[in-house]
Amino acid sequence: MASNSSEAAEAASPGMPQLDFSSFGNQIFWLVVTLVVIYVILSRVALPRIADVLAERRESISNDIAAAEDLKLKAGEAEVAYHKALAAARAAASNIVEAAKAEIKVELAAAIAKADGEISDKVAEGEKVIQEIRKDALASVEDVAKSTASALIGALGGKDDAPSVAKAVSSEMKG
Amino acid sequence: MEGDIVQMGAYIGAGLACTGMGGAAVGVGHVVGNFLSGALRNPSAAAGQTATMFIGIAFAEALGIFSFLVALLLMFAV
Amino acid sequence: MASEVNSEETGLVFHPMDQFIVEPLFGDGPVLWYTITNVTLWMALSVVAVVLLLVVGTSRRAIVPSRTQSIGELAYGFVYKMVEDVAGKDALGYFPYIMTLFMFIVCANFLGLVPMSFTTTSHIAVTAVMAMGVFLTVTLIGFFKHGFSFLSLFWISSAPLPLRPILAVIEIISYFVRPVSHSIRLAGNMMAGHAVIKVFAAFAGIAVIAPLSVLAITAIYALEILVSFIQAYVFAILTCVYLKDALHPHH
């Protein structure tokens, strides 16, 4: 069936190149070379390196996780410390407020007492002045009454008897 | 003339040999289908059995490949 | 026989397997065992991809990773957890070995999805060497760790006594089929996806079907991205399962 020239060249080999035994030696030789080369490369260079990289990555990941755990713990501690400090600060603040309040109270009481004293002094002084003024006023009222009485007596045509008038007026005023 | 008859027989044989590949197809489908139905029932166990499934597929398929090889041998090497 | 189905009348040219041909990169000579071929180129590119992702990407050793570094770390963690979960803690010594297989397969698969590229993992020679490597390693580990009691892996003590010889035969057969299925699964998956993409690409030669074909290529491409990863995952996880059998054969 097949008899043209291109076929004639292949006539020596069977139809399936896979069954062409003349090429087996070649293929086997190069396959062995290839496999040996790959094996050497893999076992000497590639596989140890990849194993290293994977181990390194696992280590660094677990380290990172440990570090994160550590930081979390530290954050918790810091939070506790913060709360403690906050409470202490609050207590101190309220103490200060109390002290200030007490101090102010004391000062206020002193000031009030002082002011009270001054006020009572002033009141006493004023009362004295008022007393004096009242005394003066009474005296002058007697004078006015005496002079008015003697003037009235004069106007009515009576006799001006000053000492008796004065006596009468003062007795009237006391009564 | 005699060679032609031999060749005809070889080609017919090759065609018949190829029917064996249908069996391999059925086998592979059976393996995967059963794996899938099992995996849907118990998905948690499926992941560990994938390798076993592939081994089964490989065995089933190898026989189909054998028949294909017989066909090829009849076509080209006889 | 026919490596290509060529129908000149419709203009459709199917070369689904041409993308897997091993060619010398320089010149046109025969493919000797040391010849620098496209296999060499794309394996070297997958080494470069691994180095870029796991060595250059992590060179800054950043605690907060860059995008590349976090993808590298994700791959590391993914495989590490897989080894630990499936094979047990005492299997962690073999972690670089499984990581090597996983990273190579992932990078080769994804580089194979680049248009015009060559998918090294689509070759049975490549995957068979890896699977046989795993098989021999696991068997030797089993015998070194447990001596002849490793054979109790095949003698299922929980089964009824008359059944045990039969089960032992089945277990031994399945044990020796392991490298076969282990290698063909990966190679077959990668080959199938790429061949299908190529077939759909060939259909794009007809103008009427071309949009549909491009759509189909897009869909298959998305599937292939998924498959690329899943096959690497499956290869690694099966290695872990076998390793677990070797380390703890008494089940």
# chains A, B, ... in the order shown; residues from 1 in each chain; ligands from 1

call {"tool": "interface_residues", "arguments": {"of": "chain C", "to": "chain B", "cutoff": "10 Å", "atoms": "only C-alpha atoms", "output": "PyMOL selection string"}}
result
chain C and resi 1-4+17+82+85-86+180-189+191-192+230-231+233-235+237-238+241

call {"tool": "interface_residues", "arguments": {"of": "chain A", "to": "chain C", "cutoff": "8 Å", "atoms": "only C-alpha atoms", "output": "NGL selection string"}}
result
:A and (1-2 or 14-19 or 22-31 or 34-35 or 37-39 or 41-43 or 45-47 or 49-50 or 53-54 or 56-57)

call {"tool": "atom_distance", "arguments": {"atom1": "CA of Leu167 in chain C", "atom2": "CA of Leu153 in chain C"}}
result
10.9 Å

call {"tool": "select_by_dssp", "arguments": {"residues": "range 31-200 of chain C", "states": "helix (DSSP H, G or I)", "output": "count of residues only"}}
result
137

call {"tool": "closest_residue", "arguments": {"among": "C:His250, C:Leu243, C:Leu161, C:Trp42", "to": "Leu92 in chain C", "atoms": "only C-alpha atoms"}}
result
C:Leu243

call {"tool": "select_by_dssp", "arguments": {"residues": "range 2-247 of chain C", "states": "strand (DSSP E)", "output": "PyMOL selection string"}}
result
chain C and resi 5-7+12-14

call {"tool": "write_last_selection", "arguments": {"atoms": "N, CA, C and O atoms", "output": "CSV table (one decimal), in the first residue's frame"}}
result
chain,number,residue,atom,x,y,z
C,5,VAL,N,-2.3,6.9,6.6
C,5,VAL,CA,-3.4,6.6,5.7
C,5,VAL,C,-3.6,7.9,4.8
C,5,VAL,O,-4.0,8.9,5.3
C,6,ASN,N,-3.3,7.7,3.6
C,6,ASN,CA,-3.2,8.9,2.8
C,6,ASN,C,-4.2,8.8,1.7
C,6,ASN,O,-4.1,8.0,0.8
C,7,SER,N,-5.2,9.6,1.7
C,7,SER,CA,-6.2,9.6,0.6
C,7,SER,C,-6.1,10.9,-0.1
C,7,SER,O,-6.5,11.9,0.4
C,12,LEU,N,-7.2,14.8,2.7
C,12,LEU,CA,-7.0,14.5,4.1
C,12,LEU,C,-5.7,13.7,4.2
C,12,LEU,O,-5.5,12.7,3.6
C,13,VAL,N,-4.8,14.2,5.1
C,13,VAL,CA,-3.5,13.5,5.3
C,13,VAL,C,-3.4,13.2,6.8
C,13,VAL,O,-3.3,14.1,7.6
C,14,PHE,N,-3.4,11.9,7.2
C,14,PHE,CA,-3.3,11.6,8.6
C,14,PHE,C,-1.9,11.2,8.9
C,14,PHE,O,-1.4,10.2,8.3

call {"tool": "atom_distance", "arguments": {"atom1": "CA of Lys146 in chain A", "atom2": "CA of Val165 in chain A"}}
result
6.8 Å

call {"tool": "residues_around", "arguments": {"residues": "Ala149 in chain A", "least_positions_apart": "6", "cutoff": "12 Å", "atoms": "only C-alpha atoms", "output": "PyMOL selection string"}}
result
chain A and resi 141-143+155-156+158-170+172
